[in-house]
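Working notes, beginning with the structure itself.
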Amino acid sequence: MLRVDSQKPCKLVYSLAKHDFLGFLIEPHIVQLNQNGSFSLTYQRIFSNTAQEFIHHIAEDDLKLIKILDNLEQDAIIKKYFKKNIRPLEFFTKNWDDKTYDTLRPKLEKKIAEALPLLREKEVFLMSKEGWPVEKKVNITEEPATVLFHFRRNETETRYFPTIKYQGFRIEFMFKDAQLISNSPALLLLENSLYFFEQNLEGKKLQPFLNKRYISIPKTSEHTYFEKFVAPLIEKHHVYAEGFSINTEKHDAIPLLKVVYVPSGISELQLYFKYAGYVFPAGNDTEVSVRMEKTGDDYFFHRIKRSLKWEKDKIAELIKLGLRKNSNLFVHFEVDEDKKEESDKSLSIFDWISENHEALTQKGYLFEADTSAQKYVIGNSKIDLEIQENNDWFDINAIVYFGNYRIPFIQLKNHILNKKREFTLPNGEIAIIPEKWFSQYSNLLSFSEGSDHLTLKKLHVGLVHDFANSELASVTMDRKLQRLADFENIEQIDTPLNFQGTLRPYQHAGYNWFHFLQKYNFGGCLADDMGLGKTIQTLALLQKCKEDNQKEGIHTPSLIIMPTSLIYNWINEAKKFTPEIKIYTHTGSNREKDISHLSQFDLVITTYGISRIDIDLFKEFYFNYIILDESQNIKNPTSKSFKAVKQLKSRFKLILSGTPVENTVNDLWTQMSFINPGLLGSQSFFQSEFVQPIEKKKDEEKAQKLQALIKPFVMRRTKEQVASELPPKTENLFYSEMTEDQASFYEKTKSEYRNEILRSLENGEFSKSPVQMLQGLTKLRQIANHPVLIDPEYTGESSKFTDVIYKLQSVIEAGHKVLIFSQFVKQLEVYRNYFNENKIAYSYLDGATQNRGKVVEEFKTNEEIQVFLISIKAGGVGLNLTEADYVFILDPWWNPAIEQQAIDRSHRIGQTKNVFIYKFITKDTVEEKILALQNRKLNVAKSLITTEESFIKSLSEEDIKEILG
């Protein structure tokens, strides 16, 4: 039960209580008041958990004070610091000693210091020996007292004592029963006043003088005493001296950085501040530092005032420049997680010095090497690099500066290529090659040649461009050659006189670029998106070559190697745009083995397969251009195709590919080494220097270096980049040649129907019922797509299927959406099976699809679904699919209007992209004949034809014979 009645008058007071073991503590007590308002003998100690009972007698800041003082109660102290359940009497009897007191007392005094500011407005008393909390009122002084320490030195001794002043008056405290309540901070109880002090005075400096006038230091001990006691005292407190001198000095400071080298560890920098002849380590916040000097029998104490704010600014300056503060030392090391393991932390500090030395020196910093680092050059490292264009190469003139040392750059070549950081100078000192140089200059040195002078082949102009743009070097280069990286500003070349057509502006830029490469004898890669006209740009170049050669009276044919499926496209495009170019197609099992007649032609077309077989014939011939279409076919360096084309000889080389990198960065090496041998170094060098860092470590810097190397020789425009130059929709015919199995199947089926239909034409039955004709043609159309549509047991391949998948991969990789239409649901099933096996996401719609709206919405909104398979009858009308910008038509329809309806699913109001339509036609089949008839009967078809049956009826006997021819 509580002894104090909270309903009756009572008061909260704070008592200075002397504990037998813990020393002076401060305790909050509630004391009951007598009727006359005086304190009664009824009281109780109050804690945070009992304060609510007396909440009407307690102010808000009292609650805060009580919470602090909870920590000074003996049970709480024992529980907090000793963790065991033990009664106080037993604890102090068995576990208490001076060492425990010395450990614990400073912690208690921290709480007293925390409470002191809050106590100044409160009633404080001294507790009686019996425990009554209000024995004697104590006043806490309003302001701090000051202490002056006096020293009087004579020939035999030095006497030392303090004097205390409060508000300008000297306080007599010796022999006055004064008591030190706390050591840190010093709290002195004298009579009824509790004094606190300036300058964080410790109570132990006053303790000896409570009952002593002075301390005497004999002459024999004075030197040690002055050094160990007097000098630190002068740093912190006011001192008056007789018999020795104290000089207060103020100097401008200089920051000093000392290098500490830690082999196989983290090297460090130590920061010091020099004030005239005095050096102080950074990090200690003593405002005044004292240095003692003895001359003869005289002592001088130099009291140096330090600029702590200025020192802190210097520390902040170093941290801002990338150093880390590690206790009072500074460290610097690579923080890029990907490169952390590769970085030598022991040398990292030298990189930082090299980078910042000049700026810091200008700001007044001095640098010194610790004994551990004395063999190393401390200073900035830089390269003066100048690249000058010569006839067929670039001259690299470069000098390296390590501090004051000047070294030819070529001497560092092996160090940089082998990532050796330490370079020994002629005088034996060691310079540290900055980490950055290995990435900045390794490409340059990897591709440069020469033992006493560095040169770079002209084909490494991309590297030179990279340096010109990075401000790492001064570059002197032909202005025209500089334009190689800026395709738009390349010299304009007139279109060939006999080119039948108009090049779009971006195509003309590609055509100009071809000529630029020709001028400097570089090979190039035209890597435009699918559908942008790589074939047309190349044909324009070949036509120009023909016209220029005719003027000069020379004739050298060019060679184009391509996949079999592209041959007919090239021939058809050439007929359309460059009918004057004489083409020889070197294909088929009955091809001519004597190729001496090639000289009669302008252009020889062959396939990768044939070029491998006939390489011994071709390698003897010198061509004007060798052009590889879909050049990713030679991506494998061990393939026969690559080994074959490398043996071919020509004046110029070009490669064409919408996807030069299909699977891995390594795909580039073969293609680039075909057009510009040596551009990317050896295959093993390319693997270790580029492929592995880019693919395994996602090294952006290496990717940029590779980009710089190849950029002048690769022209790529995406559909989005040239959108404004494209018509709203572009139609492309794509021809496939049947495989042998497919052709055999087709011919057998065609023969069966042909005989029957010709017989029915002769006896007049055909005009009565064209159904038989329709059935036969439908079967042939299905075989042209894939024989498996007719015969599920068919195990051979379909060239159209292979070609469609090949084109589709390019579209998907470029991030486009594509609609694939077919009249045959069975055909769509073939593609569905392939997509399921290869985990390609797709949408599907045919006449049996129930949830049309959901399927359409999923294709429109799900970015992962890029392919939509649609049967013409189910999806020809009523769909709005403007998200797609590619349309594949797998089989031609009799009625072009039906075809147009399919195209209009994508090419309609709301479409913001240019639409590319690819029609896939199997060569030498009914599909090709249908196409010809469509063109011939276009007007009729547009106005009259609504069904396949009516189209068949519109055919003449000659038409039918042509289809079955």
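Within each chain, counting starts at residue 1; across the structure tokens, chains are named A, B, ... in the order shown, with ligands numbered 1 upward in that order.
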Discussion item. According to DSSP computed on the backbone, where in stretch 735-775 of chain A is there alpha helix (DSSP H)? Give the residues as a VMD selection string.
Written reply: chain A and resid 740 to 763 765 to 768 771 to 775
Practice prompt. Extract the full set of strand (DSSP E or B) residues from stretch 130-160 of chain A according to DSSP on the backbone, and format it as a PyMOL selection string.
Written response: chain A and resi 136-140+145-153+157-160
Worksheet item: A:Asp298, A:Glu547, A:Glu731, A:Glu242: which is nearest A:Gly533, counting only C-alpha atoms?
Response: A:Glu731
Using only C-alpha atoms, which protein or nucleic acid residues come within 10 Å of A:Ile694? Drop anything in the same chain fewer than 4 positions from it, and give the result as a short mmCIF file (atom, residue, chain, number, x, y, z; two decimals) with C-alpha atoms, in the first residue's frame.
data_model
loop_
_atom_site.label_atom_id
_atom_site.label_comp_id
_atom_site.auth_asym_id
_atom_site.auth_seq_id
_atom_site.Cartn_x
_atom_site.Cartn_y
_atom_site.Cartn_z
CA THR A 664 25.58 -14.72 -79.04
CA VAL A 665 27.99 -11.82 -79.49
CA GLN A 687 36.18 -14.52 -76.92
CA SER A 688 38.14 -13.46 -73.83
CA GLU A 689 38.09 -9.71 -74.45
CA PHE A 690 34.48 -9.24 -75.51
CA LYS A 698 27.08 -7.99 -68.47
CA ASP A 699 30.05 -5.62 -68.88
CA GLU A 700 28.54 -2.43 -70.36
CA GLU A 701 31.94 -0.84 -70.94
CA LYS A 702 33.12 -3.79 -73.07
CA ALA A 703 29.86 -3.69 -75.03
CA GLN A 704 30.47 0.01 -75.78
CA LEU A 706 32.86 -3.42 -79.22
#
Fill in: Residue contacts of A:Ile319 (12 Å, only C-alpha atoms) excluding same-chain residues fewer than 4 positions away, as a ChimeraX atom specification
/A:269,271,312-315,323-326,329-332,352
Take the residues just selected and output them with N, CA and C atoms as a compact mmCIF listing (two decimals), in the first residue's frame.
# COMPACT_ATOMS: atom_id res chain seq x y z
N LEU A 269 45.30 6.25 -46.64
CA LEU A 269 45.85 7.60 -46.57
C LEU A 269 45.64 8.12 -45.16
N LEU A 271 45.55 11.53 -42.94
CA LEU A 271 45.46 12.98 -43.10
C LEU A 271 46.00 13.66 -41.84
N LYS A 312 37.45 19.99 -40.55
CA LYS A 312 36.31 19.12 -40.90
C LYS A 312 35.93 19.29 -42.37
N ASP A 313 36.05 20.53 -42.87
CA ASP A 313 35.76 20.78 -44.28
C ASP A 313 36.71 19.99 -45.17
N LYS A 314 37.97 19.90 -44.74
CA LYS A 314 38.97 19.16 -45.53
C LYS A 314 38.65 17.66 -45.53
N ILE A 315 38.21 17.16 -44.40
CA ILE A 315 37.82 15.74 -44.33
C ILE A 315 36.64 15.49 -45.26
N LEU A 323 36.83 9.03 -51.19
CA LEU A 323 37.48 8.25 -50.14
C LEU A 323 36.44 7.81 -49.11
N ARG A 324 36.79 6.75 -48.40
CA ARG A 324 35.95 6.30 -47.29
C ARG A 324 36.73 6.48 -46.01
N LYS A 325 36.03 6.92 -44.98
CA LYS A 325 36.68 7.12 -43.69
C LYS A 325 36.64 5.81 -42.94
N ASN A 326 37.80 5.34 -42.57
CA ASN A 326 37.90 4.06 -41.87
C ASN A 326 38.64 4.35 -40.58
N LEU A 329 41.65 6.80 -40.59
CA LEU A 329 42.38 6.65 -41.85
C LEU A 329 41.38 6.71 -43.00
N PHE A 330 41.90 6.97 -44.20
CA PHE A 330 41.03 7.03 -45.37
C PHE A 330 41.43 5.91 -46.32
N VAL A 331 40.41 5.25 -46.89
CA VAL A 331 40.69 4.19 -47.85
C VAL A 331 39.89 4.45 -49.11
N HIS A 332 40.34 3.80 -50.19
CA HIS A 332 39.63 3.92 -51.46
C HIS A 332 39.77 2.61 -52.18
N TRP A 352 43.41 6.72 -56.94
CA TRP A 352 42.72 7.92 -56.44
C TRP A 352 43.67 9.11 -56.44
Discussion item. Set the distance at 12 Å and use only C-alpha atoms: which residues neighbour A:Ile215 once local chain neighbours fewer than 4 positions away are removed? I'd like the list as a ChimeraX atom specification.
Written reply: /A:149-153,157-162,205-211
Item to complete: Fewer than 2 positions away in the same chain doesn't count, so skip those; otherwise give me all residues within 6 Å of stretch 19-33 of chain A, counting only C-alpha atoms, as a ChimeraX atom specification.
Response: /A:4,9-17,37-40,42-46,181
Keeping C-alpha atoms, export the residues of the selection given above as a PDB file, in the first residue's frame.
ATOM      1  CA  VAL A   4       1.860   8.879   0.615  1.00  0.00           C
ATOM      2  CA  PRO A   9      -1.236  17.736  -0.354  1.00  0.00           C
ATOM      3  CA  CYS A  10       2.157  16.339  -1.415  1.00  0.00           C
ATOM      4  CA  LYS A  11       5.153  17.452  -3.495  1.00  0.00           C
ATOM      5  CA  LEU A  12       7.707  15.972  -5.911  1.00  0.00           C
ATOM      6  CA  VAL A  13      11.335  16.680  -4.936  1.00  0.00           C
ATOM      7  CA  TYR A  14      14.781  15.526  -6.147  1.00  0.00           C
ATOM      8  CA  SER A  15      17.392  14.369  -3.637  1.00  0.00           C
ATOM      9  CA  LEU A  16      21.146  14.067  -3.762  1.00  0.00           C
ATOM     10  CA  ALA A  17      21.635  10.741  -2.023  1.00  0.00           C
ATOM     11  CA  GLY A  37       2.760  23.324   3.969  1.00  0.00           C
ATOM     12  CA  SER A  38       6.009  22.003   5.460  1.00  0.00           C
ATOM     13  CA  PHE A  39       7.435  18.565   4.588  1.00  0.00           C
ATOM     14  CA  SER A  40       6.216  15.658   6.713  1.00  0.00           C
ATOM     15  CA  THR A  42       6.043  10.523   5.024  1.00  0.00           C
ATOM     16  CA  TYR A  43       7.674  10.051   1.634  1.00  0.00           C
ATOM     17  CA  GLN A  44       8.320   7.455  -1.032  1.00  0.00           C
ATOM     18  CA  ARG A  45      10.690   6.928  -3.991  1.00  0.00           C
ATOM     19  CA  ILE A  46       8.857   7.371  -7.252  1.00  0.00           C
ATOM     20  CA  ILE A 181      28.949  14.752  -6.479  1.00  0.00           C
TER      21      ILE A 181
END
Discussion item. Given only C-alpha atoms as the basis, pick out the residue of A:Leu648, A:Ile396, A:Leu417, A:Ala76 nearest to A:Lys457.
Written reply: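 Looking only at the distances to A:Lys457, the closest residue turns out to be A:Ile396.
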